[in-house]
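Colleague: The following block contains the structure, expressed as structure tokens.
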Amino acid sequence: MELTTEYLGLKLKNPLLPGASPLSDDLDTVRRLEDAGAPAIIMRSLFEEQLIMEEQATLEDVNLHEFSSPEAASYLPNIADFALGSDEYLKQIAQIKQVTEIPVIASLNGTTLGGWVHHARLIQEAGADALELNTYFLPTNLLRTSKDIEDQIIEVFRAVRNKVNIPVAVKLSPYFSALPHFALQLQRVGADGLVLFNRFYQPDLDPESLDIKITLQLSDPYELRLRLRWLAILSAHLHLDLSATGGVHTGLDAIKAIMAGATTVQMVSALLRHGPEHFHQVLEFLGHWMSEHEYESLEQLRGSLNLTTGPDPSAFERANYMKMLLSWRKMTHGFGIPPQQS
């Protein structure tokens, strides 16, 4: 059974990856992941806001001028809340390289063009084998267009690409109005891969305290469906690596993502819930399933159910929406509920 694959120019012994998360903060946990079969480690994102706060903390008057207004003090976490500061993050890359034999993929989330470039170079110098650009631009300005956002990401990628030699992937959100066209633009400017998708953590409201609640909710397998659709569409037309992240909890989830066209499959929530050893169970299931269904290699499995190779390409397009509405009407009619007009 051939499970090896190549992702971002890295030769990996299997397509499963522990995604960006706190799991990479602890060297013992990293070793456990390697022992469980992880072919590489993706580190959690280094945030430019975190670096700016660290720089501000060295100023003598930081307590007087740290924020522009009292309300702003609640927008960002305290520096101590980050498990790895910038120096520690760079040292962690080198330490993981020392204690393991697997590649390290760093992750960077910047806010300014100079910040993206500067810290990408530091990450490369620390020994990272590849880099994820974790793009998170939330448009709140009514005058900013979707093209503005896309152009900004392209500009960031080009700037980073011109300053580093390691492979660079772009981690995207699903909220682009024409995702295939934007993905094609990233391919044309030299992106080595795309990571689908960034999970935006949505705030909740507390009506009693009149406050905004920030809560962490781990992913659910249902979230994988959004990834499957876009993996199937993009893999049919693009020639760059695609990595699925969000909603992968079991070996069967991983198989679906690969069939849709994923080069690699990232897991986070399942590992946080069940521990690093869960990685081995998922990997073992993947191998057994492929053997039972007579797949000899990942290349044979990959993309076998994407937009062009699947038996019903319309299932990924508008026709699927109409089929779902029809099935709902049939189901409600069976319970004596009159079908509703859409």
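Lettering and numbering for the structure tokens are positional, with chains as A, B, ... in the shown order, residues counted from 1 in each chain, and ligands counted from 1 in the shown order.
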Quick one: residues within 10 Å of stretch 303-310 of chain A, only C-alpha atoms, excluding same-chain residues fewer than 5 positions away - as a list of chain:residue names?

Modeller: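 These residues fall inside the cut-off: A:Leu228, A:Arg229, A:Trp230, A:Leu231, A:Ala232, A:Ile233, A:Leu234, A:Ser235, A:Ala236, A:His237, A:Lys256, A:Ala257, A:Ile258, A:Met259, A:Ala260, A:Gly261, A:Ala262, A:Thr263, A:Leu298, A:Ala315, A:Phe316, A:Glu317.
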
Colleague: Those selected residues, please, written with N, CA and C atoms and delivered as a compact mmCIF listing (two decimals), in the first residue's frame.

Modeller:
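Output (selection23.txt):
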```txt
# COMPACT_ATOMS: atom_id res chain seq x y z
N LEU A 228 -15.23 19.63 1.03
CA LEU A 228 -15.34 18.64 -0.05
C LEU A 228 -15.80 19.29 -1.35
N ARG A 229 -16.76 20.18 -1.25
CA ARG A 229 -17.26 20.84 -2.48
C ARG A 229 -16.14 21.60 -3.18
N TRP A 230 -15.41 22.43 -2.42
CA TRP A 230 -14.41 23.27 -3.07
C TRP A 230 -13.16 22.49 -3.43
N LEU A 231 -12.82 21.46 -2.68
CA LEU A 231 -11.73 20.58 -3.09
C LEU A 231 -12.05 19.93 -4.43
N ALA A 232 -13.28 19.47 -4.58
CA ALA A 232 -13.70 18.80 -5.81
C ALA A 232 -13.66 19.76 -7.00
N ILE A 233 -14.06 21.00 -6.78
CA ILE A 233 -14.09 21.99 -7.86
C ILE A 233 -12.68 22.44 -8.21
N LEU A 234 -11.89 22.81 -7.20
CA LEU A 234 -10.57 23.37 -7.46
C LEU A 234 -9.59 22.32 -7.98
N SER A 235 -9.66 21.10 -7.46
CA SER A 235 -8.71 20.07 -7.89
C SER A 235 -8.92 19.68 -9.34
N ALA A 236 -10.12 19.93 -9.86
CA ALA A 236 -10.40 19.58 -11.25
C ALA A 236 -9.78 20.58 -12.22
N HIS A 237 -9.39 21.75 -11.74
CA HIS A 237 -8.93 22.80 -12.65
C HIS A 237 -7.54 23.34 -12.34
N LYS A 256 -12.65 10.81 2.20
CA LYS A 256 -13.53 11.68 1.42
C LYS A 256 -12.77 12.88 0.89
N ALA A 257 -11.96 13.50 1.75
CA ALA A 257 -11.22 14.69 1.34
C ALA A 257 -10.23 14.36 0.22
N ILE A 258 -9.56 13.23 0.34
CA ILE A 258 -8.60 12.84 -0.70
C ILE A 258 -9.33 12.50 -2.00
N MET A 259 -10.45 11.83 -1.91
CA MET A 259 -11.23 11.55 -3.11
C MET A 259 -11.70 12.83 -3.80
N ALA A 260 -11.97 13.84 -3.00
CA ALA A 260 -12.40 15.12 -3.56
C ALA A 260 -11.24 15.88 -4.19
N GLY A 261 -10.00 15.49 -3.87
CA GLY A 261 -8.85 16.11 -4.50
C GLY A 261 -7.79 16.64 -3.58
N ALA A 262 -7.91 16.41 -2.27
CA ALA A 262 -6.91 16.93 -1.33
C ALA A 262 -5.58 16.21 -1.48
N THR A 263 -4.50 16.98 -1.45
CA THR A 263 -3.16 16.41 -1.44
C THR A 263 -2.82 15.91 -0.04
N LEU A 298 -2.16 6.41 -3.19
CA LEU A 298 -2.94 7.63 -2.98
C LEU A 298 -3.26 8.30 -4.30
N ALA A 315 -23.64 17.47 -8.89
CA ALA A 315 -23.84 17.40 -7.44
C ALA A 315 -23.07 18.48 -6.71
N PHE A 316 -22.00 19.00 -7.34
CA PHE A 316 -21.21 20.06 -6.72
C PHE A 316 -21.66 21.44 -7.16
N GLU A 317 -22.66 21.49 -8.04
CA GLU A 317 -23.08 22.76 -8.60
C GLU A 317 -24.53 23.05 -8.21
```

Colleague: So the first atom is atom CA of A:Leu23 and the second is atom CA of A:Thr111; what is the distance between them in Å, to one decimal place?

Modeller: 24.3 Å

Colleague: Taking 4 positions as the minimum chain separation for residues in the same chain, which residues sit within 12 Å of stretch 214-223 of chain A when counting only C-alpha atoms? Answer as a ChimeraX atom specification.

Modeller: /A:21,74-77,174,196-206,227-229,244-254,256-257,267-273

Colleague: Please produce a file of those selected residues containing C-alpha atoms, as a PDB file, in the first residue's frame.

Modeller:
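This is the output file part-v8.pdb:
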```pdb
ATOM      1  CA  SER A  21      -2.713  24.151  16.850  1.00  0.00           C
ATOM      2  CA  SER A  74     -10.315  44.244  25.674  1.00  0.00           C
ATOM      3  CA  TYR A  75      -9.660  43.719  21.969  1.00  0.00           C
ATOM      4  CA  LEU A  76      -6.385  41.818  22.232  1.00  0.00           C
ATOM      5  CA  PRO A  77      -5.168  39.163  24.704  1.00  0.00           C
ATOM      6  CA  PRO A 174     -14.410  30.174   2.082  1.00  0.00           C
ATOM      7  CA  LEU A 196      -9.001  25.075   2.709  1.00  0.00           C
ATOM      8  CA  PHE A 197     -10.296  26.568   4.953  1.00  0.00           C
ATOM      9  CA  ASN A 198      -9.522  28.953   7.757  1.00  0.00           C
ATOM     10  CA  ARG A 199     -12.119  28.548  10.527  1.00  0.00           C
ATOM     11  CA  PHE A 200     -13.295  31.977  11.638  1.00  0.00           C
ATOM     12  CA  TYR A 201     -14.261  31.866  15.302  1.00  0.00           C
ATOM     13  CA  GLN A 202     -17.574  33.667  15.500  1.00  0.00           C
ATOM     14  CA  PRO A 203     -18.311  35.787  18.580  1.00  0.00           C
ATOM     15  CA  ASP A 204     -21.454  35.251  20.634  1.00  0.00           C
ATOM     16  CA  LEU A 205     -23.529  37.823  22.532  1.00  0.00           C
ATOM     17  CA  ASP A 206     -24.514  37.803  26.177  1.00  0.00           C
ATOM     18  CA  ARG A 227     -14.319  21.613   2.091  1.00  0.00           C
ATOM     19  CA  LEU A 228     -15.340  18.644  -0.047  1.00  0.00           C
ATOM     20  CA  ARG A 229     -17.256  20.839  -2.481  1.00  0.00           C
ATOM     21  CA  ALA A 244      -8.069  20.176   3.659  1.00  0.00           C
ATOM     22  CA  THR A 245      -8.524  21.450   7.193  1.00  0.00           C
ATOM     23  CA  GLY A 246     -11.720  21.620   9.238  1.00  0.00           C
ATOM     24  CA  GLY A 247     -14.103  18.776   9.966  1.00  0.00           C
ATOM     25  CA  VAL A 248     -11.713  15.832   9.545  1.00  0.00           C
ATOM     26  CA  HIS A 249     -12.167  13.563  12.561  1.00  0.00           C
ATOM     27  CA  THR A 250     -12.001   9.989  11.242  1.00  0.00           C
ATOM     28  CA  GLY A 251     -10.262   7.917   8.622  1.00  0.00           C
ATOM     29  CA  LEU A 252     -13.400   7.996   6.504  1.00  0.00           C
ATOM     30  CA  ASP A 253     -13.372  11.816   6.635  1.00  0.00           C
ATOM     31  CA  ALA A 254      -9.786  11.768   5.366  1.00  0.00           C
ATOM     32  CA  LYS A 256     -13.526  11.677   1.421  1.00  0.00           C
ATOM     33  CA  ALA A 257     -11.216  14.688   1.343  1.00  0.00           C
ATOM     34  CA  MET A 267      -6.586  17.331  11.758  1.00  0.00           C
ATOM     35  CA  VAL A 268      -6.794  19.480  14.863  1.00  0.00           C
ATOM     36  CA  SER A 269     -10.038  19.130  16.825  1.00  0.00           C
ATOM     37  CA  ALA A 270      -9.985  15.317  16.814  1.00  0.00           C
ATOM     38  CA  LEU A 271      -6.422  15.315  18.167  1.00  0.00           C
ATOM     39  CA  LEU A 272      -7.281  17.874  20.841  1.00  0.00           C
ATOM     40  CA  ARG A 273     -10.228  15.702  21.905  1.00  0.00           C
TER      41      ARG A 273
END
```

Colleague: Using backbone DSSP assignments, extract all helix (DSSP H, G or I) residues from stretch 263-303 of chain A; output them as a ChimeraX atom specification.

Modeller: /A:269-274,278-292,298-301

Colleague: Mind pulling up the distance from atom CA of A:Met290 to atom CA of A:Ala169?

Modeller: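 Separation between atom CA of A:Ala169 and atom CA of A:Met290: 27.8 Å.
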
Colleague: Please report the interatomic distance between atom CA of A:Leu194 and atom CA of A:Asp28 in Å with one decimal.

Modeller: 29.0 Å

Colleague: Would you mind telling me which residue in A:Gly37, A:Asp25, A:Glu150, A:Thr112 lies nearest to A:Gly85 when using only C-alpha atoms?

Modeller: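 Closest candidate: A:Asp25.
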
Colleague: I need the residue nearest A:Asp129 from this list: A:Thr29, A:Ser24, A:Ser107, A:Ser243. Use only C-alpha atoms for the distance.

Modeller: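 Ranking A:Thr29, A:Ser24, A:Ser107, A:Ser243 by distance to A:Asp129, first place goes to A:Ser107.
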
Colleague: Can you pull out the residues contacting A:Leu240? Cut-off 7 Å, using only C-alpha atoms, and skip same-chain residues under 2 positions away; I want them as a ChimeraX atom specification.

Modeller: /A:187,192-193,238,242

Colleague: Between A:Gln266, A:Ser86, A:Ser297, A:Ser177, which is the closest to A:Val282 once you count only C-alpha atoms?

Modeller: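 Using only C-alpha atoms, A:Val282 sits closest to A:Gln266.
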
Colleague: Step one, run DSSP on the backbone; step two, keep only residues of stretch 134-198 of chain A assigned to strand (DSSP E); then write them as a list in words.

Modeller: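 Filtering stretch 134-198 of chain A to strand (DSSP E) leaves Asn134, Val168, Ala169, Val170, Lys171, Leu172, Gly193, Leu194, Val195 and Leu196 of chain A.
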
Colleague: Generate the output file for the selected residues, C-alpha atoms, as a short mmCIF file (atom, residue, chain, number, x, y, z; two decimals), in the first residue's frame.

Modeller:
```cif
data_model
loop_
_atom_site.label_atom_id
_atom_site.label_comp_id
_atom_site.auth_asym_id
_atom_site.auth_seq_id
_atom_site.Cartn_x
_atom_site.Cartn_y
_atom_site.Cartn_z
CA ASN A 134 -2.78 32.30 7.37
CA VAL A 168 4.64 28.88 0.63
CA ALA A 169 0.97 27.91 0.90
CA VAL A 170 -1.93 30.30 1.38
CA LYS A 171 -4.62 29.48 3.93
CA LEU A 172 -7.94 30.90 2.77
CA GLY A 193 -0.50 25.23 -2.29
CA LEU A 194 -3.82 26.29 -0.81
CA VAL A 195 -5.19 25.34 2.59
CA LEU A 196 -9.00 25.08 2.71
#
```

Colleague: Given the choices A:Ser146, A:Asn141, A:Asn165, A:Gln152, which gets closest to A:Arg121 if the distance is worked out from only C-alpha atoms?

Modeller: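 Of all the options, A:Asn165 lies closest to A:Arg121.
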